[in-house]
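Below is protein01.pdb, which holds PDB, C-alpha atoms.
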```
ATOM      1  CA  MET A 192      92.192  89.769  70.845
ATOM      2  CA  HIS A 193      92.233  89.670  74.642
ATOM      3  CA  GLN A 194      92.195  93.092  76.292
ATOM      4  CA  PRO A 195      94.512  93.426  79.296
ATOM      5  CA  ARG A 196      92.696  93.867  82.554
ATOM      6  CA  PRO A 197      92.995  97.429  83.866
ATOM      7  CA  PRO A 198      94.945  97.713  87.094
ATOM      8  CA  ARG A 199      92.902  97.695  90.264
ATOM      9  CA  PRO A 200      92.860 100.937  92.248
ATOM     10  CA  ARG A 201      95.421 100.817  95.048
ATOM     11  CA  VAL A 202      94.279 101.663  98.579
ATOM     12  CA  TYR A 203      96.716 102.515 101.366
ATOM     13  CA  LEU A 204      95.514 100.981 104.658
ATOM     14  CA  ALA A 205      96.413 103.570 107.304
ATOM     15  CA  GLY A 206      95.917 103.197 111.031
ATOM     16  CA  PRO A 207      97.519 102.005 114.229
ATOM     17  CA  ASP A 208      96.738  98.405 113.222
ATOM     18  CA  ILE A 209     100.443  97.762 112.577
ATOM     19  CA  PHE A 210     101.035  97.987 116.332
ATOM     20  CA  PHE A 211      98.545  95.254 117.260
ATOM     21  CA  ARG A 212      99.598  91.667 117.944
ATOM     22  CA  ASP A 213      97.098  90.403 115.387
ATOM     23  CA  CYS A 214      98.097  92.896 112.667
ATOM     24  CA  GLU A 215      98.678  90.119 110.115
ATOM     25  CA  ARG A 216      95.061  88.970 110.505
ATOM     26  CA  ILE A 217      93.793  92.567 110.369
ATOM     27  CA  TYR A 218      95.651  93.275 107.115
ATOM     28  CA  ARG A 219      94.639  89.911 105.628
ATOM     29  CA  ASN A 220      90.964  90.780 106.310
ATOM     30  CA  LEU A 221      91.314  94.337 104.968
ATOM     31  CA  LYS A 222      93.036  93.086 101.806
ATOM     32  CA  ALA A 223      90.319  90.445 101.294
ATOM     33  CA  ALA A 224      87.649  93.159 101.625
ATOM     34  CA  CYS A 225      89.571  95.248  99.077
ATOM     35  CA  GLU A 226      89.747  92.289  96.693
ATOM     36  CA  ARG A 227      85.966  91.770  96.893
ATOM     37  CA  LEU A 228      85.518  95.405  95.805
ATOM     38  CA  GLY A 229      88.037  95.223  92.953
ATOM     39  CA  LEU A 230      90.665  97.147  94.927
ATOM     40  CA  GLU A 231      94.223  96.315  95.916
ATOM     41  CA  GLY A 232      94.929  96.884  99.617
ATOM     42  CA  ILE A 233      98.421  98.118 100.446
ATOM     43  CA  GLU A 234      99.538  97.812 104.060
ATOM     44  CA  PRO A 235     102.111 100.163 105.584
ATOM     45  CA  SER A 236     105.744  99.383 104.829
ATOM     46  CA  ASP A 237     108.485  98.372 107.180
ATOM     47  CA  GLY A 238     110.885 100.084 104.793
ATOM     48  CA  GLY A 239     112.247  96.746 103.616
ATOM     49  CA  LEU A 240     113.635  96.035 107.052
ATOM     50  CA  ASP A 241     113.701  92.486 108.306
ATOM     51  CA  ALA A 242     114.202  91.213 111.838
ATOM     52  CA  GLY A 243     117.996  91.308 111.397
ATOM     53  CA  ALA A 244     118.124  94.819 109.970
ATOM     54  CA  THR A 245     121.129  96.867 110.936
ATOM     55  CA  GLY A 246     121.584 100.585 111.239
ATOM     56  CA  SER A 247     120.693 103.119 113.870
ATOM     57  CA  ASP A 248     117.136 103.640 115.050
ATOM     58  CA  ASP A 249     117.158 106.950 113.145
ATOM     59  CA  GLU A 250     118.212 105.204 109.921
ATOM     60  CA  ARG A 251     115.586 102.493 110.358
ATOM     61  CA  ALA A 252     112.886 105.074 111.167
ATOM     62  CA  ARG A 253     113.816 107.079 108.053
ATOM     63  CA  ARG A 254     113.500 103.954 105.851
ATOM     64  CA  ILE A 255     110.058 103.174 107.260
ATOM     65  CA  TYR A 256     108.937 106.785 106.779
ATOM     66  CA  GLU A 257     110.209 106.932 103.198
ATOM     67  CA  GLY A 258     108.638 103.557 102.387
ATOM     68  CA  ASN A 259     105.217 104.673 103.601
ATOM     69  CA  ILE A 260     105.445 108.041 101.849
ATOM     70  CA  ALA A 261     106.192 106.191  98.593
ATOM     71  CA  LEU A 262     103.220 103.868  99.120
ATOM     72  CA  ILE A 263     100.840 106.781  99.754
ATOM     73  CA  ARG A 264     102.126 108.528  96.610
ATOM     74  CA  GLN A 265     101.479 105.342  94.585
ATOM     75  CA  ALA A 266      98.008 104.783  96.080
ATOM     76  CA  ASP A 267      94.802 105.954  94.453
ATOM     77  CA  GLY A 268      93.111 106.518  97.827
ATOM     78  CA  VAL A 269      93.406 105.898 101.552
ATOM     79  CA  ILE A 270      91.260 104.374 104.244
ATOM     80  CA  ALA A 271      92.293 105.117 107.810
ATOM     81  CA  ASN A 272      91.409 103.672 111.187
ATOM     82  CA  LEU A 273      90.881 106.688 113.463
ATOM     83  CA  MET A 274      90.059 104.829 116.665
ATOM     84  CA  ASP A 275      91.176 106.489 119.870
ATOM     85  CA  PHE A 276      94.780 105.416 120.309
ATOM     86  CA  ARG A 277      96.538 105.885 123.622
ATOM     87  CA  GLY A 278      94.110 108.618 124.624
ATOM     88  CA  LEU A 279      91.259 110.662 123.161
ATOM     89  CA  GLU A 280      92.845 111.196 119.751
ATOM     90  CA  PRO A 281      93.718 109.018 116.742
ATOM     91  CA  ASP A 282      97.268 107.761 116.159
ATOM     92  CA  SER A 283      99.444 110.729 115.197
ATOM     93  CA  GLY A 284     101.226 108.827 112.416
ATOM     94  CA  THR A 285      97.873 107.971 110.857
ATOM     95  CA  VAL A 286      96.794 111.613 111.090
ATOM     96  CA  PHE A 287     100.006 112.618 109.290
ATOM     97  CA  GLU A 288      99.333 110.048 106.552
ATOM     98  CA  ILE A 289      95.811 111.424 106.091
ATOM     99  CA  GLY A 290      97.100 114.994 105.792
ATOM    100  CA  PHE A 291      99.754 113.911 103.300
ATOM    101  CA  ALA A 292      97.201 112.028 101.168
ATOM    102  CA  VAL A 293      94.747 114.942 101.271
ATOM    103  CA  ALA A 294      97.548 117.329 100.235
ATOM    104  CA  LEU A 295      98.218 115.042  97.250
ATOM    105  CA  GLY A 296      94.530 115.257  96.296
ATOM    106  CA  LYS A 297      93.761 111.625  97.112
ATOM    107  CA  PRO A 298      90.361 110.669  98.537
ATOM    108  CA  VAL A 299      90.459 109.574 102.179
ATOM    109  CA  VAL A 300      87.710 107.680 103.978
ATOM    110  CA  VAL A 301      88.029 107.004 107.702
ATOM    111  CA  TYR A 302      86.440 104.607 110.175
ATOM    112  CA  GLY A 303      86.773 103.661 113.829
ATOM    113  CA  VAL A 304      85.659 107.111 114.981
ATOM    114  CA  PRO A 305      84.083 106.902 118.435
ATOM    115  CA  LYS A 306      80.417 107.857 118.814
ATOM    116  CA  GLY A 307      79.437 111.370 119.814
ATOM    117  CA  THR A 308      81.146 114.676 119.414
ATOM    118  CA  TYR A 309      84.764 115.266 120.244
ATOM    119  CA  ALA A 310      83.714 117.810 122.893
ATOM    120  CA  SER A 311      81.380 115.293 124.578
ATOM    121  CA  ARG A 312      84.162 112.678 124.720
ATOM    122  CA  VAL A 313      86.620 115.176 126.224
ATOM    123  CA  GLY A 314      83.964 116.334 128.707
ATOM    124  CA  ALA A 315      83.368 112.721 129.779
ATOM    125  CA  ALA A 316      87.101 112.139 130.349
ATOM    126  CA  ARG A 317      88.115 115.449 131.947
ATOM    127  CA  PRO A 318      86.343 118.009 134.081
ATOM    128  CA  CYS A 319      85.115 120.753 131.732
ATOM    129  CA  ALA A 320      82.801 123.715 132.028
ATOM    130  CA  PRO A 321      81.658 126.557 129.790
ATOM    131  CA  ASP A 322      83.334 129.904 130.427
ATOM    132  CA  ALA A 323      81.493 133.253 130.622
ATOM    133  CA  ALA A 324      81.278 133.365 126.816
ATOM    134  CA  GLY A 325      79.897 129.808 126.644
ATOM    135  CA  VAL A 326      83.136 128.263 125.358
ATOM    136  CA  LEU A 327      83.781 124.785 126.788
ATOM    137  CA  ARG A 328      87.112 124.676 128.611
ATOM    138  CA  GLU A 329      89.027 122.138 130.665
ATOM    139  CA  ARG A 330      88.645 123.240 134.277
ATOM    140  CA  ASP A 331      92.220 122.569 135.388
ATOM    141  CA  SER A 332      94.074 124.133 132.448
ATOM    142  CA  GLY A 333      91.486 126.508 130.944
ATOM    143  CA  VAL A 334      92.272 125.065 127.519
ATOM    144  CA  MET A 335      89.391 125.377 125.058
ATOM    145  CA  VAL A 336      87.755 122.132 123.933
ATOM    146  CA  GLU A 337      87.057 122.303 120.226
ATOM    147  CA  GLY A 338      83.336 122.327 119.644
ATOM    148  CA  LEU A 339      81.390 122.894 116.446
ATOM    149  CA  GLY A 340      79.636 119.554 116.890
ATOM    150  CA  GLN A 341      82.253 117.533 114.997
ATOM    151  CA  CYS A 342      83.087 113.928 115.868
ATOM    152  CA  LEU A 343      86.792 114.644 115.314
ATOM    153  CA  ASN A 344      89.044 117.657 115.164
ATOM    154  CA  LEU A 345      87.560 119.779 112.372
ATOM    155  CA  MET A 346      90.679 119.409 110.211
ATOM    156  CA  LEU A 347      90.005 115.661 110.025
ATOM    157  CA  ALA A 348      86.211 115.874 109.943
ATOM    158  CA  CYS A 349      86.224 118.357 107.054
ATOM    159  CA  SER A 350      88.935 116.691 104.926
ATOM    160  CA  THR A 351      87.713 113.094 104.997
ATOM    161  CA  ALA A 352      84.593 111.032 104.552
ATOM    162  CA  ILE A 353      83.610 109.180 107.731
ATOM    163  CA  GLU A 354      82.123 105.682 107.786
ATOM    164  CA  SER A 355      81.170 103.297 110.579
ATOM    165  CA  SER A 356      83.438 100.374 109.650
ATOM    166  CA  ALA A 357      86.417  99.413 107.521
ATOM    167  CA  GLU A 358      84.104  97.623 105.079
ATOM    168  CA  ALA A 359      81.866 100.680 104.714
ATOM    169  CA  ALA A 360      84.949 102.891 104.279
ATOM    170  CA  LEU A 361      86.279 100.631 101.528
ATOM    171  CA  ALA A 362      82.908 100.541  99.763
ATOM    172  CA  ARG A 363      82.678 104.341  99.837
ATOM    173  CA  LEU A 364      86.250 104.726  98.622
ATOM    174  CA  ALA A 365      85.561 102.242  95.784
ATOM    175  CA  ARG A 366      82.601 104.405  94.692
ATOM    176  CA  LEU A 367      84.697 107.592  94.888
ATOM    177  CA  LEU A 368      87.480 106.028  92.824
ATOM    178  CA  GLU A 369      84.992 104.674  90.277
ATOM    179  CA  ARG A 370      83.471 108.138  89.835
ATOM    180  CA  ALA A 371      86.906 109.673  89.457
ATOM    181  CA  ALA A 372      87.829 107.092  86.797
ATOM    182  CA  HIS A 373      84.584 107.661  84.852
ATOM    183  CA  PRO A 374      83.517 111.309  85.343
TER     184      PRO A 374
END
```
Translate the structure of the given file into C-alpha coordinates.
Amino acid sequence: MHQPRPPRPRVYLAGPDIFFRDCERIYRNLKAACERLGLEGIEPSDGGLDAGATGSDDERARRIYEGNIALIRQADGVIANLMDFRGLEPDSGTVFEIGFAVALGKPVVVYGVPKGTYASRVGAARPCAPDAAGVLRERDSGVMVEGLGQCLNLMLACSTAIESSAEAALARLARLLERAAHP
(Lines of atoms letter the chains of each structure in order from A and count residues from 1; the text may use other names and numbers.)
(Lines give C-alpha, C1' and ligand atoms only; values in the text may rest on other atoms or scores of the structure.)
Protein backbone atom coordinates (compact mmCIF):
# COMPACT_ATOMS: atom_id res chain seq x y z
CA MET A 1 0.00 0.00 0.00
CA HIS A 2 1.30 3.45 -0.92
CA GLN A 3 1.99 5.70 2.07
CA PRO A 4 0.89 9.32 1.61
CA ARG A 5 3.75 11.75 1.44
CA PRO A 6 4.01 13.84 4.61
CA PRO A 7 3.34 17.52 4.08
CA ARG A 8 6.37 19.69 3.50
CA PRO A 9 7.18 22.20 6.23
CA ARG A 10 5.77 25.62 5.36
CA VAL A 11 8.10 28.62 5.49
CA TYR A 12 6.82 32.20 5.58
CA LEU A 13 9.08 34.43 3.45
CA ALA A 14 9.23 37.73 5.35
CA GLY A 15 11.00 40.87 4.21
CA PRO A 16 10.61 44.08 2.26
CA ASP A 17 10.91 42.08 -0.98
CA ILE A 18 7.20 42.65 -1.69
CA PHE A 19 7.98 46.32 -2.31
CA PHE A 20 10.57 45.69 -5.03
CA ARG A 21 9.76 45.88 -8.74
CA ASP A 22 11.16 42.40 -9.27
CA CYS A 23 9.32 40.83 -6.31
CA GLU A 24 7.82 38.09 -8.50
CA ARG A 25 11.31 36.93 -9.49
CA ILE A 26 12.53 37.16 -5.88
CA TYR A 27 9.65 35.01 -4.60
CA ARG A 28 10.00 32.55 -7.50
CA ASN A 29 13.70 32.08 -6.58
CA LEU A 30 12.98 31.77 -2.85
CA LYS A 31 10.22 29.22 -3.49
CA ALA A 32 12.52 27.22 -5.79
CA ALA A 33 15.20 27.19 -3.06
CA CYS A 34 12.54 26.00 -0.59
CA GLU A 35 11.47 23.24 -2.97
CA ARG A 36 15.07 21.99 -3.29
CA LEU A 37 15.18 21.65 0.51
CA GLY A 38 11.81 19.89 0.80
CA LEU A 39 10.09 23.03 2.09
CA GLU A 40 7.10 24.99 0.86
CA GLY A 41 7.76 28.73 0.57
CA ILE A 42 4.81 30.98 1.39
CA GLU A 43 5.04 34.59 0.25
CA PRO A 44 3.22 37.40 2.06
CA SER A 45 -0.46 37.81 1.25
CA ASP A 46 -2.22 40.68 -0.41
CA GLY A 47 -5.27 39.72 1.63
CA GLY A 48 -7.03 38.38 -1.45
CA LEU A 49 -7.13 41.84 -2.96
CA ASP A 50 -6.82 42.21 -6.70
CA ALA A 51 -6.07 45.32 -8.73
CA GLY A 52 -9.77 46.26 -8.76
CA ALA A 53 -10.32 45.79 -5.04
CA THR A 54 -12.75 48.17 -3.43
CA GLY A 55 -12.99 49.44 0.10
CA SER A 56 -11.17 52.08 2.06
CA ASP A 57 -7.41 52.03 2.52
CA ASP A 58 -8.04 51.04 6.16
CA GLU A 59 -10.20 48.09 5.09
CA ARG A 60 -7.65 46.96 2.51
CA ALA A 61 -4.78 47.33 5.01
CA ARG A 62 -6.71 45.27 7.58
CA ARG A 63 -7.26 42.46 5.02
CA ILE A 64 -3.56 42.37 4.16
CA TYR A 65 -2.60 42.34 7.85
CA GLU A 66 -5.05 39.56 8.69
CA GLY A 67 -3.94 37.52 5.67
CA ASN A 68 -0.29 37.68 6.70
CA ILE A 69 -1.05 36.91 10.35
CA ALA A 70 -2.94 33.80 9.20
CA LEU A 71 -0.02 32.72 7.00
CA ILE A 72 2.49 33.12 9.84
CA ARG A 73 0.21 31.09 12.15
CA GLN A 74 0.03 28.32 9.52
CA ALA A 75 3.80 28.34 8.85
CA ASP A 76 6.25 26.00 10.54
CA GLY A 77 9.03 28.61 10.46
CA VAL A 78 10.06 31.97 9.03
CA ILE A 79 12.98 33.33 7.09
CA ALA A 80 13.29 37.10 6.99
CA ASN A 81 15.28 39.54 4.91
CA LEU A 82 16.65 42.10 7.39
CA MET A 83 18.51 44.32 4.93
CA ASP A 84 18.63 47.99 5.79
CA PHE A 85 15.39 49.41 4.44
CA ARG A 86 14.93 53.15 4.08
CA GLY A 87 17.61 53.82 6.67
CA LEU A 88 19.80 51.95 9.15
CA GLU A 89 17.13 49.51 10.31
CA PRO A 90 15.20 46.60 8.78
CA ASP A 91 11.65 47.02 7.47
CA SER A 92 9.34 47.57 10.44
CA GLY A 93 6.65 45.24 9.08
CA THR A 94 9.21 42.46 8.78
CA VAL A 95 10.38 43.10 12.35
CA PHE A 96 6.76 42.81 13.53
CA GLU A 97 6.37 39.51 11.65
CA ILE A 98 9.53 38.17 13.30
CA GLY A 99 8.30 39.14 16.77
CA PHE A 100 4.91 37.55 16.09
CA ALA A 101 6.50 34.30 14.87
CA VAL A 102 8.90 34.19 17.83
CA ALA A 103 5.96 34.75 20.21
CA LEU A 104 4.23 31.76 18.59
CA GLY A 105 7.35 29.65 19.22
CA LYS A 106 8.28 29.32 15.55
CA PRO A 107 11.94 29.22 14.51
CA VAL A 108 13.12 32.33 12.66
CA VAL A 109 16.28 32.58 10.58
CA VAL A 110 17.28 35.93 9.10
CA TYR A 111 19.59 37.10 6.33
CA GLY A 112 20.55 40.33 4.60
CA VAL A 113 22.07 41.76 7.78
CA PRO A 114 24.76 44.30 6.93
CA LYS A 115 28.35 43.58 7.99
CA GLY A 116 29.69 44.93 11.26
CA THR A 117 28.02 45.90 14.47
CA TYR A 118 24.95 48.05 14.65
CA ALA A 119 26.92 50.66 16.62
CA SER A 120 29.64 50.82 13.94
CA ARG A 121 27.03 51.34 11.20
CA VAL A 122 25.32 54.12 13.16
CA GLY A 123 28.71 55.71 13.91
CA ALA A 124 29.57 55.68 10.20
CA ALA A 125 26.26 57.37 9.28
CA ARG A 126 25.95 59.91 12.11
CA PRO A 127 28.42 61.81 14.25
CA CYS A 128 28.79 59.85 17.50
CA ALA A 129 31.13 59.97 20.46
CA PRO A 130 31.46 58.17 23.78
CA ASP A 131 30.19 60.08 26.81
CA ALA A 132 32.06 60.36 30.14
CA ALA A 133 30.91 56.84 31.08
CA GLY A 134 32.07 55.41 27.73
CA VAL A 135 28.55 55.03 26.31
CA LEU A 136 28.38 55.78 22.57
CA ARG A 137 25.91 58.58 21.88
CA GLU A 138 24.79 60.55 18.85
CA ARG A 139 26.44 63.95 19.17
CA ASP A 140 23.48 66.06 18.06
CA SER A 141 20.74 64.38 20.11
CA GLY A 142 22.68 62.64 22.90
CA VAL A 143 20.70 59.47 22.19
CA MET A 144 22.54 56.29 23.19
CA VAL A 145 23.60 53.98 20.37
CA GLU A 146 22.95 50.40 21.37
CA GLY A 147 26.22 48.57 21.74
CA LEU A 148 26.92 45.11 23.10
CA GLY A 149 28.65 44.16 19.85
CA GLN A 150 25.49 42.90 18.14
CA CYS A 151 24.94 43.18 14.39
CA LEU A 152 21.29 44.13 14.98
CA ASN A 153 19.20 45.45 17.82
CA LEU A 154 19.65 42.86 20.58
CA MET A 155 15.96 41.90 20.50
CA LEU A 156 16.44 40.66 16.92
CA ALA A 157 19.97 39.31 17.37
CA CYS A 158 18.99 37.24 20.42
CA SER A 159 15.66 35.88 19.09
CA THR A 160 16.75 34.71 15.64
CA ALA A 161 19.47 32.76 13.91
CA ILE A 162 21.47 34.90 11.48
CA GLU A 163 22.81 33.65 8.15
CA SER A 164 24.64 35.33 5.28
CA SER A 165 22.12 34.63 2.49
CA ALA A 166 18.57 33.52 1.84
CA GLU A 167 19.83 30.09 0.76
CA ALA A 168 21.86 29.66 3.95
CA ALA A 169 18.87 30.83 6.02
CA LEU A 170 16.60 28.28 4.33
CA ALA A 171 19.13 25.48 4.82
CA ARG A 172 19.45 26.31 8.52
CA LEU A 173 15.69 26.54 8.95
CA ALA A 174 15.28 23.16 7.18
CA ARG A 175 17.71 21.62 9.69
CA LEU A 176 15.89 23.24 12.64
CA LEU A 177 12.52 21.98 11.39
CA GLU A 178 13.92 18.49 10.77
CA ARG A 179 15.26 18.33 14.33
CA ALA A 180 11.95 19.53 15.70
CA ALA A 181 10.09 16.85 13.71
CA HIS A 182 12.45 14.08 14.87
CA PRO A 183 13.70 14.96 18.39
Which neighbours of segment 284-289 of chain A fall inside 6 Å, counting only C-alpha atoms, when residues of the same chain fewer than 2 positions from it are skipped, and could you give them as a ChimeraX atom specification? /A:205-206,282,291-292
Could you pull the residues within 9 Å of Ser236 of chain A, counting only C-alpha atoms, minus those fewer than 5 positions along the same chain, as a list of chain:residue names?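 The residues satisfying every condition are A:Ile255, A:Tyr256, A:Glu257, A:Gly258, A:Asn259, A:Leu262.
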Take the selection from the previous step and output its residues with C-alpha atoms, as an mmCIF file, in the coordinates of the input.
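That gives us part00.cif:
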```cif
data_model
loop_
_atom_site.group_PDB
_atom_site.id
_atom_site.type_symbol
_atom_site.label_atom_id
_atom_site.label_comp_id
_atom_site.auth_asym_id
_atom_site.auth_seq_id
_atom_site.Cartn_x
_atom_site.Cartn_y
_atom_site.Cartn_z
ATOM 1 C CA ILE A 255 110.058 103.174 107.260
ATOM 2 C CA TYR A 256 108.937 106.785 106.779
ATOM 3 C CA GLU A 257 110.209 106.932 103.198
ATOM 4 C CA GLY A 258 108.638 103.557 102.387
ATOM 5 C CA ASN A 259 105.217 104.673 103.601
ATOM 6 C CA LEU A 262 103.220 103.868 99.120
#
```
To one decimal place, how far is atom CA of Val269 of chain A from atom CA of Leu204 of chain A in Å?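 Going from atom CA of Val269 of chain A over to atom CA of Leu204 of chain A, I get 6.2 Å.
For the residues A:Gly238, A:Pro198, A:Gly268, A:Pro281, ranking by smallest atom-to-atom distance to Tyr302 of chain A using all atoms listed in the file places A:Pro281 first.
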So which one's closest to Phe210 of chain A, A:Gly314, A:Pro235, A:Gly229, A:Gly325? Using all atoms listed in the file, please. A:Pro235
One-decimal distance in Å that lies between atom CA of Met346 of chain A and atom CA of Tyr203 of chain A: 20.0 Å
Can you tell me which residues surround segment 356-368 of chain A at a distance of at most 10 Å, considering only C-alpha atoms, apart from same-chain residues fewer than 6 positions away, and format the answer as a list in words? Pro200, Arg201, Val202, Leu204, Asn220, Leu221, Ala224, Cys225, Arg227, Leu228, Gly229, Leu230, Gly232, Asp267, Gly268, Val269, Ile270, Ala271, Asn272, Lys297, Pro298, Val299, Val300, Val301, Tyr302, Gly303, Val304 and Pro374 of chain A
Picked residues, the PyMOL selection byres ((chain A and resi 308) around 8), expected as a PDB file with C-alpha atoms, in the coordinates of the input:
```pdb
ATOM      1  CA  LYS A 306      80.417 107.857 118.814  1.00  0.00           C
ATOM      2  CA  GLY A 307      79.437 111.370 119.814  1.00  0.00           C
ATOM      3  CA  TYR A 309      84.764 115.266 120.244  1.00  0.00           C
ATOM      4  CA  ALA A 310      83.714 117.810 122.893  1.00  0.00           C
ATOM      5  CA  SER A 311      81.380 115.293 124.578  1.00  0.00           C
ATOM      6  CA  ARG A 312      84.162 112.678 124.720  1.00  0.00           C
ATOM      7  CA  GLY A 338      83.336 122.327 119.644  1.00  0.00           C
ATOM      8  CA  GLY A 340      79.636 119.554 116.890  1.00  0.00           C
ATOM      9  CA  GLN A 341      82.253 117.533 114.997  1.00  0.00           C
ATOM     10  CA  CYS A 342      83.087 113.928 115.868  1.00  0.00           C
ATOM     11  CA  LEU A 343      86.792 114.644 115.314  1.00  0.00           C
TER      12      LEU A 343
END
```
